[in-house]
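Enquirer: Pasting structure.csv below, which is CSV, N, CA and C atoms.
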chain,number,residue,atom,x,y,z
A,6,MET,N,-0.6,-3.5,9.0
A,6,MET,CA,0.8,-3.5,9.2
A,6,MET,C,1.4,-2.9,7.9
A,7,VAL,N,2.2,-1.9,8.1
A,7,VAL,CA,2.8,-1.2,7.0
A,7,VAL,C,4.1,-2.0,6.6
A,8,ARG,N,4.9,-2.3,7.5
A,8,ARG,CA,6.1,-3.1,7.3
A,8,ARG,C,6.5,-3.7,8.7
A,9,ALA,N,7.6,-4.5,8.7
A,9,ALA,CA,8.0,-5.1,10.0
A,9,ALA,C,8.3,-4.0,11.0
A,10,GLY,N,7.6,-4.1,12.1
A,10,GLY,CA,7.8,-3.1,13.2
A,10,GLY,C,7.0,-1.9,13.1
A,11,VAL,N,6.2,-1.7,12.0
A,11,VAL,CA,5.4,-0.5,11.9
A,11,VAL,C,4.0,-0.9,11.7
A,12,VAL,N,3.1,-0.7,12.7
A,12,VAL,CA,1.7,-1.0,12.6
A,12,VAL,C,0.9,0.3,13.0
A,13,ILE,N,0.0,0.7,12.1
A,13,ILE,CA,-0.8,1.8,12.4
A,13,ILE,C,-2.0,1.4,13.3
A,14,PRO,N,-2.1,1.9,14.5
A,14,PRO,CA,-3.2,1.6,15.4
A,14,PRO,C,-4.5,2.0,14.8
A,15,GLU,N,-5.5,1.2,15.0
A,15,GLU,CA,-6.9,1.5,14.5
A,15,GLU,C,-7.4,2.8,15.1
A,16,GLY,N,-7.0,3.1,16.3
A,16,GLY,CA,-7.5,4.4,16.9
A,16,GLY,C,-7.0,5.6,16.3
A,17,GLU,N,-5.9,5.5,15.5
A,17,GLU,CA,-5.3,6.7,14.8
A,17,GLU,C,-5.9,7.0,13.5
A,18,LEU,N,-6.9,6.1,13.1
A,18,LEU,CA,-7.5,6.2,11.8
A,18,LEU,C,-8.9,6.9,12.0
A,19,ALA,N,-9.2,7.9,11.1
A,19,ALA,CA,-10.5,8.6,11.2
A,19,ALA,C,-11.3,8.2,9.9
A,20,TRP,N,-12.5,7.7,10.1
A,20,TRP,CA,-13.3,7.3,9.0
A,20,TRP,C,-14.5,8.3,8.8
A,21,ARG,N,-14.8,8.6,7.5
A,21,ARG,CA,-16.0,9.4,7.2
A,21,ARG,C,-16.7,8.7,6.1
A,22,PHE,N,-18.0,8.7,6.1
A,22,PHE,CA,-18.8,8.0,5.1
A,22,PHE,C,-19.8,9.0,4.5
A,23,SER,N,-20.0,8.9,3.2
A,23,SER,CA,-20.9,9.8,2.5
A,23,SER,C,-21.5,9.0,1.3
A,24,ARG,N,-22.4,9.6,0.6
A,24,ARG,CA,-23.0,9.0,-0.6
A,24,ARG,C,-22.1,9.0,-1.7
A,25,SER,N,-22.0,8.0,-2.4
A,25,SER,CA,-21.1,7.8,-3.5
A,25,SER,C,-21.8,8.3,-4.8
A,26,GLY,N,-21.1,8.9,-5.7
A,26,GLY,CA,-21.6,9.3,-7.0
A,26,GLY,C,-21.6,8.2,-8.0
A,27,GLY,N,-22.2,8.4,-9.1
A,27,GLY,CA,-22.2,7.3,-10.2
A,27,GLY,C,-23.3,6.4,-10.0
A,28,PRO,N,-23.3,5.4,-10.9
A,28,PRO,CA,-24.4,4.4,-11.0
A,28,PRO,C,-24.4,3.5,-9.7
A,29,GLY,N,-25.6,3.1,-9.4
A,29,GLY,CA,-25.7,2.2,-8.2
A,29,GLY,C,-27.1,1.6,-8.0
A,30,GLY,N,-28.0,1.8,-8.9
A,30,GLY,CA,-29.3,1.2,-8.8
A,30,GLY,C,-30.2,1.8,-7.8
A,31,GLN,N,-31.0,1.0,-7.2
A,31,GLN,CA,-32.0,1.6,-6.2
A,31,GLN,C,-31.4,2.1,-5.0
A,32,SER,N,-30.3,1.6,-4.6
A,32,SER,CA,-29.7,2.0,-3.3
A,32,SER,C,-28.8,3.2,-3.4
A,33,VAL,N,-28.7,3.8,-4.6
A,33,VAL,CA,-27.6,4.8,-4.8
A,33,VAL,C,-27.8,6.1,-3.9
A,34,ASN,N,-29.1,6.4,-3.6
A,34,ASN,CA,-29.3,7.6,-2.9
A,34,ASN,C,-29.5,7.4,-1.4
A,35,THR,N,-29.4,6.1,-1.0
A,35,THR,CA,-29.7,5.8,0.4
A,35,THR,C,-28.5,5.3,1.2
A,36,THR,N,-27.5,4.7,0.6
A,36,THR,CA,-26.4,4.1,1.3
A,36,THR,C,-25.2,5.0,1.3
A,37,ASP,N,-24.5,5.1,2.4
A,37,ASP,CA,-23.3,5.9,2.5
A,37,ASP,C,-22.1,5.0,2.2
A,38,SER,N,-21.9,4.8,0.9
A,38,SER,CA,-20.8,3.8,0.5
A,38,SER,C,-19.5,4.4,0.3
A,39,ARG,N,-19.4,5.7,0.1
A,39,ARG,CA,-18.1,6.4,-0.1
A,39,ARG,C,-17.4,6.5,1.2
A,40,VAL,N,-16.1,6.2,1.2
A,40,VAL,CA,-15.3,6.2,2.4
A,40,VAL,C,-14.2,7.1,2.3
A,41,GLU,N,-13.9,7.9,3.3
A,41,GLU,CA,-12.7,8.8,3.4
A,41,GLU,C,-12.0,8.3,4.7
A,42,LEU,N,-10.7,8.0,4.5
A,42,LEU,CA,-9.9,7.5,5.6
A,42,LEU,C,-8.8,8.6,5.8
A,43,SER,N,-8.7,9.1,7.0
A,43,SER,CA,-7.7,10.1,7.3
A,43,SER,C,-6.8,9.6,8.4
A,44,PHE,N,-5.5,9.9,8.2
A,44,PHE,CA,-4.4,9.5,9.1
A,44,PHE,C,-3.5,10.7,9.4
A,45,ASP,N,-3.3,11.0,10.6
A,45,ASP,CA,-2.5,12.1,11.1
A,45,ASP,C,-1.0,11.6,11.1
A,46,VAL,N,-0.3,11.9,10.0
A,46,VAL,CA,1.1,11.5,9.9
A,46,VAL,C,1.9,12.3,10.9
A,47,ALA,N,1.7,13.6,11.0
A,47,ALA,CA,2.5,14.4,11.9
A,47,ALA,C,2.3,14.0,13.4
A,48,GLY,N,1.1,13.6,13.8
A,48,GLY,CA,0.9,13.3,15.2
A,48,GLY,C,0.9,11.8,15.6
A,49,THR,N,1.3,11.0,14.7
A,49,THR,CA,1.2,9.5,15.0
A,49,THR,C,2.3,9.1,15.9
A,50,SER,N,2.0,8.0,16.7
A,50,SER,CA,3.0,7.4,17.6
A,50,SER,C,3.5,6.1,17.0
A,51,ALA,N,2.9,5.7,15.8
A,51,ALA,CA,3.3,4.5,15.2
A,51,ALA,C,4.7,4.6,14.5
A,52,LEU,N,5.1,5.8,14.1
A,52,LEU,CA,6.4,5.9,13.4
A,52,LEU,C,7.4,6.6,14.3
A,53,SER,N,8.7,6.1,14.1
A,53,SER,CA,9.8,6.7,14.8
A,53,SER,C,10.0,8.1,14.2
A,54,ASP,N,10.8,8.9,14.8
A,54,ASP,CA,11.1,10.3,14.4
A,54,ASP,C,11.7,10.3,13.0
A,55,VAL,N,12.6,9.4,12.7
A,55,VAL,CA,13.2,9.3,11.4
A,55,VAL,C,12.2,9.0,10.3
A,56,LEU,N,11.4,8.0,10.5
A,56,LEU,CA,10.3,7.6,9.6
A,56,LEU,C,9.3,8.6,9.4
A,57,LYS,N,8.9,9.3,10.5
A,57,LYS,CA,7.9,10.4,10.4
A,57,LYS,C,8.4,11.5,9.6
A,58,ALA,N,9.7,11.9,9.8
A,58,ALA,CA,10.3,13.0,9.0
A,58,ALA,C,10.3,12.6,7.5
A,59,ARG,N,10.7,11.4,7.2
A,59,ARG,CA,10.8,10.9,5.8
A,59,ARG,C,9.4,10.9,5.2
A,60,ALA,N,8.4,10.4,5.9
A,60,ALA,CA,7.0,10.4,5.4
A,60,ALA,C,6.4,11.8,5.2
A,61,LEU,N,6.7,12.7,6.1
A,61,LEU,CA,6.2,14.1,6.0
A,61,LEU,C,6.8,14.8,4.8
A,62,GLU,N,8.1,14.5,4.5
A,62,GLU,CA,8.8,15.1,3.4
A,62,GLU,C,8.2,14.5,2.1
A,63,ARG,N,8.1,13.2,2.0
A,63,ARG,CA,7.6,12.6,0.7
A,63,ARG,C,6.1,12.8,0.4
A,64,LEU,N,5.3,13.0,1.5
A,64,LEU,CA,3.9,13.1,1.3
A,64,LEU,C,3.5,14.6,1.4
A,65,GLN,N,4.4,15.5,1.4
A,65,GLN,CA,4.2,16.9,1.6
A,65,GLN,C,3.1,17.5,0.7
A,66,SER,N,3.0,17.0,-0.6
A,66,SER,CA,2.0,17.6,-1.5
A,66,SER,C,0.6,17.1,-1.2
A,67,ARG,N,0.5,15.9,-0.5
A,67,ARG,CA,-0.8,15.3,-0.2
A,67,ARG,C,-1.3,15.7,1.2
A,68,LEU,N,-0.5,16.3,2.1
A,68,LEU,CA,-0.9,16.5,3.4
A,68,LEU,C,-1.6,17.8,3.6
A,69,VAL,N,-2.6,17.8,4.5
A,69,VAL,CA,-3.3,19.1,4.9
A,69,VAL,C,-3.2,19.1,6.4
A,70,ASP,N,-2.4,20.0,6.9
A,70,ASP,CA,-2.1,20.1,8.4
A,70,ASP,C,-1.6,18.8,8.9
A,71,GLY,N,-0.7,18.1,8.2
A,71,GLY,CA,-0.1,16.9,8.6
A,71,GLY,C,-1.0,15.6,8.5
A,72,VAL,N,-2.1,15.8,7.9
A,72,VAL,CA,-3.1,14.7,7.8
A,72,VAL,C,-3.2,14.3,6.3
A,73,VAL,N,-3.1,13.0,6.0
A,73,VAL,CA,-3.3,12.5,4.7
A,73,VAL,C,-4.7,11.8,4.6
A,74,THR,N,-5.5,12.1,3.6
A,74,THR,CA,-6.8,11.6,3.4
A,74,THR,C,-6.9,10.8,2.1
A,75,ILE,N,-7.5,9.6,2.2
A,75,ILE,CA,-7.7,8.7,1.1
A,75,ILE,C,-9.2,8.5,0.9
A,76,ALA,N,-9.7,8.7,-0.3
A,76,ALA,CA,-11.1,8.4,-0.6
A,76,ALA,C,-11.2,7.2,-1.5
A,77,ALA,N,-12.3,6.4,-1.2
A,77,ALA,CA,-12.5,5.2,-2.0
A,77,ALA,C,-14.0,5.1,-2.2
A,78,SER,N,-14.4,5.0,-3.5
A,78,SER,CA,-15.8,4.9,-3.8
A,78,SER,C,-16.1,4.1,-5.0
A,79,GLU,N,-15.1,3.2,-5.3
A,79,GLU,CA,-15.2,2.4,-6.5
A,79,GLU,C,-16.2,1.2,-6.4
A,80,TYR,N,-16.5,0.8,-5.2
A,80,TYR,CA,-17.4,-0.3,-5.0
A,80,TYR,C,-18.8,0.2,-4.4
A,81,LYS,N,-19.8,-0.6,-4.6
A,81,LYS,CA,-21.1,-0.3,-4.1
A,81,LYS,C,-21.2,-0.5,-2.6
A,82,SER,N,-20.3,-1.5,-2.1
A,82,SER,CA,-20.4,-1.9,-0.7
A,82,SER,C,-19.4,-1.0,0.1
A,83,GLN,N,-19.9,-0.5,1.2
A,83,GLN,CA,-19.1,0.4,2.1
A,83,GLN,C,-17.9,-0.5,2.7
A,84,TRP,N,-18.2,-1.7,3.0
A,84,TRP,CA,-17.1,-2.6,3.5
A,84,TRP,C,-16.0,-2.7,2.6
A,85,ARG,N,-16.3,-3.0,1.3
A,85,ARG,CA,-15.2,-3.1,0.3
A,85,ARG,C,-14.5,-1.8,0.0
A,86,ASN,N,-15.2,-0.7,0.1
A,86,ASN,CA,-14.5,0.6,0.0
A,86,ASN,C,-13.6,0.8,1.2
A,87,ARG,N,-14.0,0.4,2.4
A,87,ARG,CA,-13.2,0.5,3.6
A,87,ARG,C,-11.9,-0.3,3.4
A,88,GLU,N,-12.0,-1.5,2.9
A,88,GLU,CA,-10.8,-2.3,2.6
A,88,GLU,C,-9.9,-1.7,1.6
A,89,ALA,N,-10.5,-1.1,0.5
A,89,ALA,CA,-9.7,-0.5,-0.5
A,89,ALA,C,-9.0,0.7,0.0
A,90,ALA,N,-9.6,1.5,0.8
A,90,ALA,CA,-9.0,2.7,1.4
A,90,ALA,C,-7.9,2.3,2.4
A,91,ARG,N,-8.1,1.2,3.1
A,91,ARG,CA,-7.0,0.7,4.1
A,91,ARG,C,-5.8,0.2,3.3
A,92,GLU,N,-6.1,-0.5,2.2
A,92,GLU,CA,-5.0,-1.0,1.4
A,92,GLU,C,-4.2,0.1,0.8
A,93,ARG,N,-4.9,1.1,0.3
A,93,ARG,CA,-4.2,2.2,-0.4
A,93,ARG,C,-3.4,3.0,0.7
A,94,LEU,N,-3.9,3.2,1.9
A,94,LEU,CA,-3.1,3.8,2.9
A,94,LEU,C,-1.8,3.1,3.2
A,95,VAL,N,-2.0,1.8,3.4
A,95,VAL,CA,-0.8,0.9,3.6
A,95,VAL,C,0.2,1.1,2.5
A,96,ALA,N,-0.2,1.0,1.3
A,96,ALA,CA,0.7,1.1,0.1
A,96,ALA,C,1.4,2.5,0.1
A,97,LEU,N,0.6,3.5,0.4
A,97,LEU,CA,1.1,4.9,0.4
A,97,LEU,C,2.2,5.1,1.5
A,98,MET,N,1.9,4.6,2.7
A,98,MET,CA,2.8,4.7,3.8
A,98,MET,C,4.0,3.9,3.6
A,99,ARG,N,3.9,2.7,3.0
A,99,ARG,CA,5.0,1.8,2.8
A,99,ARG,C,6.0,2.5,1.8
A,100,GLU,N,5.4,3.2,0.8
A,100,GLU,CA,6.3,3.9,-0.1
A,100,GLU,C,6.9,5.1,0.5
A,101,ALA,N,6.2,5.8,1.4
A,101,ALA,CA,6.6,7.0,2.0
A,101,ALA,C,7.8,6.8,3.0
A,102,ILE,N,7.8,5.6,3.7
A,102,ILE,CA,8.8,5.4,4.7
A,102,ILE,C,9.9,4.5,4.2
A,103,ALA,N,9.9,4.1,2.9
A,103,ALA,CA,10.9,3.3,2.4
A,103,ALA,C,12.3,4.0,2.4
A,104,PRO,N,13.3,3.3,2.7
A,104,PRO,CA,14.6,3.9,2.7
A,104,PRO,C,15.0,4.5,1.3
A,105,PRO,N,15.8,5.6,1.3
A,105,PRO,CA,16.1,6.1,0.0
A,105,PRO,C,17.0,5.2,-0.8
A,106,PRO,N,16.9,5.3,-2.2
A,106,PRO,CA,17.7,4.4,-3.0
A,106,PRO,C,19.2,4.7,-2.8
A,107,ARG,N,20.0,3.7,-3.0
A,107,ARG,CA,21.4,3.9,-2.9
A,107,ARG,C,21.9,4.8,-4.0
A,108,LYS,N,22.9,5.6,-3.6
A,108,LYS,CA,23.5,6.6,-4.6
A,108,LYS,C,24.3,5.8,-5.7
A,109,ARG,N,24.2,6.3,-6.9
A,109,ARG,CA,24.9,5.7,-8.0
A,109,ARG,C,26.4,5.9,-7.8
A,110,ARG,N,27.1,4.8,-8.0
A,110,ARG,CA,28.6,4.9,-7.9
A,110,ARG,C,29.1,5.2,-9.3
A,111,PRO,N,29.7,6.4,-9.5
A,111,PRO,CA,30.1,6.8,-10.9
A,111,PRO,C,31.3,5.8,-11.4
A,112,THR,N,31.1,5.4,-12.6
A,112,THR,CA,32.1,4.5,-13.2
A,112,THR,C,32.6,5.1,-14.5
A,113,LYS,N,33.8,4.7,-15.0
A,113,LYS,CA,34.3,5.1,-16.3
A,113,LYS,C,34.3,4.0,-17.2
A,114,PRO,N,34.0,4.3,-18.5
A,114,PRO,CA,34.0,3.2,-19.5
A,114,PRO,C,35.4,2.7,-19.6
A,115,SER,N,35.5,1.4,-19.9
A,115,SER,CA,36.9,0.8,-20.1
A,115,SER,C,37.5,1.3,-21.4
A,116,LYS,N,38.8,1.2,-21.4
A,116,LYS,CA,39.5,1.6,-22.6
A,116,LYS,C,39.1,0.8,-23.8
A,117,ALA,N,38.9,-0.5,-23.6
A,117,ALA,CA,38.5,-1.3,-24.8
A,117,ALA,C,37.1,-0.9,-25.3
A,118,SER,N,36.1,-0.5,-24.4
A,118,SER,CA,34.8,-0.1,-24.9
A,118,SER,C,34.9,1.2,-25.6
A,119,VAL,N,35.7,2.1,-25.1
A,119,VAL,CA,35.9,3.4,-25.8
A,119,VAL,C,36.5,3.2,-27.2
A,120,ARG,N,37.5,2.3,-27.3
A,120,ARG,CA,38.1,2.0,-28.6
A,120,ARG,C,37.1,1.4,-29.5
A,121,ARG,N,36.3,0.4,-29.0
A,121,ARG,CA,35.3,-0.2,-29.9
A,121,ARG,C,34.3,0.8,-30.4
A,122,ARG,N,33.8,1.7,-29.5
A,122,ARG,CA,32.9,2.7,-29.9
A,122,ARG,C,33.4,3.6,-31.0
A,123,LEU,N,34.7,4.1,-30.8
A,123,LEU,CA,35.3,4.9,-31.8
A,123,LEU,C,35.5,4.2,-33.2
A,124,ASP,N,35.9,2.9,-33.1
A,124,ASP,CA,36.1,2.1,-34.3
A,124,ASP,C,34.8,2.0,-35.0
A,125,ASP,N,33.7,1.7,-34.3
A,125,ASP,CA,32.4,1.6,-34.9
A,125,ASP,C,32.0,3.0,-35.6
A,126,LYS,N,32.3,4.1,-34.9
A,126,LYS,CA,31.9,5.4,-35.5
A,126,LYS,C,32.7,5.6,-36.8
A,127,LYS,N,34.0,5.2,-36.8
A,127,LYS,CA,34.8,5.4,-38.0
A,127,LYS,C,34.3,4.5,-39.2
A,128,ARG,N,33.9,3.3,-38.8
A,128,ARG,CA,33.4,2.3,-39.8
A,128,ARG,C,32.1,2.9,-40.4
A,129,ARG,N,31.2,3.4,-39.5
A,129,ARG,CA,29.9,4.0,-39.9
A,129,ARG,C,30.1,5.2,-40.8
A,130,GLY,N,31.1,6.0,-40.5
A,130,GLY,CA,31.4,7.2,-41.3
A,130,GLY,C,31.9,6.8,-42.6
A,131,GLN,N,32.8,5.8,-42.7
A,131,GLN,CA,33.3,5.3,-43.9
A,131,GLN,C,32.2,4.8,-44.8
A,132,THR,N,31.2,4.0,-44.2
A,132,THR,CA,30.1,3.5,-45.0
A,132,THR,C,29.3,4.7,-45.6
A,133,LYS,N,29.0,5.7,-44.8
A,133,LYS,CA,28.2,6.8,-45.3
A,133,LYS,C,29.0,7.6,-46.4
A,134,ARG,N,30.3,7.7,-46.2
A,134,ARG,CA,31.2,8.4,-47.2
A,134,ARG,C,31.1,7.7,-48.6
A,135,LEU,N,31.1,6.4,-48.5
A,135,LEU,CA,31.1,5.6,-49.7
A,135,LEU,C,29.8,5.7,-50.5
A,136,ARG,N,28.7,6.1,-49.8
A,136,ARG,CA,27.4,6.2,-50.4
A,136,ARG,C,27.3,7.5,-51.3
A,137,GLY,N,28.2,8.4,-51.2
A,137,GLY,CA,28.2,9.6,-51.9
A,137,GLY,C,28.4,9.4,-53.4
A,138,ARG,N,28.3,10.5,-54.2
A,138,ARG,CA,28.6,10.4,-55.7
A,138,ARG,C,30.1,10.2,-55.9
A,139,PRO,N,30.4,9.3,-56.8
A,139,PRO,CA,31.8,9.2,-57.2
A,139,PRO,C,32.3,10.4,-57.8
A,140,ASP,N,33.6,10.7,-57.5
A,140,ASP,CA,34.3,11.9,-58.1
A,140,ASP,C,34.5,11.7,-59.6
A,141,ASP,N,34.4,12.8,-60.4
A,141,ASP,CA,34.6,12.7,-61.8
A,141,ASP,C,36.1,12.8,-62.2
Please rewrite the model in this file as structure tokens.
Expert:
Amino acid sequence: MVRAGVVIPEGELAWRFSRSGGPGGQSVNTTDSRVELSFDVAGTSALSDVLKARALERLQSRLVDGVVTIAASEYKSQWRNREAARERLVALMREAIAPPPRKRRPTKPSKASVRRRLDDKKRRGQTKRLRGRPDD
């Protein structure tokens, strides 16, 4: 479940398994513990048109033909790598379909704050002027 009302069906996820690099002991060359999880963002039925367009725009740099792929190989266990890849996909999609932040409403500083700032600047300038050499 990505968020309320958005669930990615298991049938739309494509899994690939391969041997993981790095240390692993005796089983390093025999177990396919590296996991690649692919999800077709462009062809999914889990997202509405608005959410799909938002996700495609935000994930544009990670997509290959509309498909996002996540690799996980930090654990020795294939099952734990599957869980890690699934969690990463959920986090990625949650961020991709989040509504855009509200626009900043421009504000003007109050007259009192402008006056305080200018008074502080004058006071600071006076302090620095007094640090100079006295006139002869």
Enquirer: Report the distance between atom CA of Gly16 of chain A and atom CA of Pro105 of chain A in Å, rounded to one decimal place.
Expert: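 Distance between the two atoms: 29.1 Å.
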Enquirer: If I take atom N of Ala103 of chain A and atom CA of Gly71 of chain A, how far is one from the other in Å, to one decimal?
Expert: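 Interatomic distance here is 17.2 Å.
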Enquirer: To test your reading of the structure, identify every residue in chain A that backbone DSSP assigns to helix (DSSP H, G or I), and report it as a ChimeraX atom specification.
Expert: /A:15-17,30-32,54-63,83-101,116-135
Enquirer: Looking at all atoms listed in the file, which of A:Arg121, A:Ala101, A:Glu17, A:Arg85 is the one that sits closest to Glu62 of chain A?
Expert: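 Result for the nearest residue to Glu62 of chain A: A:Ala101.
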Enquirer: Have a look at A:Lys57, A:Arg8, A:Arg91, A:Arg128 and name the one nearest to Leu42 of chain A; count only C-alpha atoms.
Expert: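 That would be A:Arg91, the residue with the smallest distance to Leu42 of chain A.
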Enquirer: Contacts of Val73 of chain A at 12 Å or less, counting only C-alpha atoms, minus same-chain residues fewer than 5 places along, as a list in words?
Expert: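 So the residues in contact are Glu17, Leu18, Ala19, Glu41, Leu42, Ser43, Phe44, Asp45, Val46, Ala47, Gly48, Thr49, Ala60, Leu61, Arg63, Leu64, Gln65, Ser66, Arg67, Leu68, Ala90, Arg93, Leu94, Val95, Leu97, Met98 and Ala101 of chain A.
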Enquirer: Leaving out Pro104 of chain A and any residue of its chain fewer than 3 positions from it, which residues lie within 9 Å of it when counting only C-alpha atoms, given as a PDB file with N, CA and C atoms, keeping the file's coordinate frame?
Expert:
ATOM      1  N   LEU A  56      11.400   8.000  10.500  1.00  0.00           N
ATOM      2  CA  LEU A  56      10.300   7.600   9.600  1.00  0.00           C
ATOM      3  C   LEU A  56       9.300   8.600   9.400  1.00  0.00           C
ATOM      4  N   ARG A  59      10.700  11.400   7.200  1.00  0.00           N
ATOM      5  CA  ARG A  59      10.800  10.900   5.800  1.00  0.00           C
ATOM      6  C   ARG A  59       9.400  10.900   5.200  1.00  0.00           C
ATOM      7  N   GLU A 100       5.400   3.200   0.800  1.00  0.00           N
ATOM      8  CA  GLU A 100       6.300   3.900  -0.100  1.00  0.00           C
ATOM      9  C   GLU A 100       6.900   5.100   0.500  1.00  0.00           C
ATOM     10  N   ALA A 101       6.200   5.800   1.400  1.00  0.00           N
ATOM     11  CA  ALA A 101       6.600   7.000   2.000  1.00  0.00           C
ATOM     12  C   ALA A 101       7.800   6.800   3.000  1.00  0.00           C
ATOM     13  N   ARG A 107      20.000   3.700  -3.000  1.00  0.00           N
ATOM     14  CA  ARG A 107      21.400   3.900  -2.900  1.00  0.00           C
ATOM     15  C   ARG A 107      21.900   4.800  -4.000  1.00  0.00           C
TER      16      ARG A 107
END
Enquirer: Pick the closest to Arg21 of chain A from A:Arg136, A:Leu52, A:Gln83, A:Asp70: which is it, counting only C-alpha atoms?
Expert: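 Of A:Arg136, A:Leu52, A:Gln83, A:Asp70, the one nearest Arg21 of chain A is A:Gln83, counting only C-alpha atoms.
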Enquirer: For a quick check of understanding, using only C-alpha atoms, which of A:Pro111, A:Pro139, A:Ile102, A:Asn86 has the smallest distance to Val55 of chain A?
Expert: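 Using only C-alpha atoms, the shortest distance to Val55 of chain A belongs to A:Ile102.
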Enquirer: Identify, with DSSP run on backbone atoms, the residues in chain A assigned to strand (DSSP E), and express the list as a PyMOL selection string.
Expert: chain A and resi 18-23+39-45+72-77
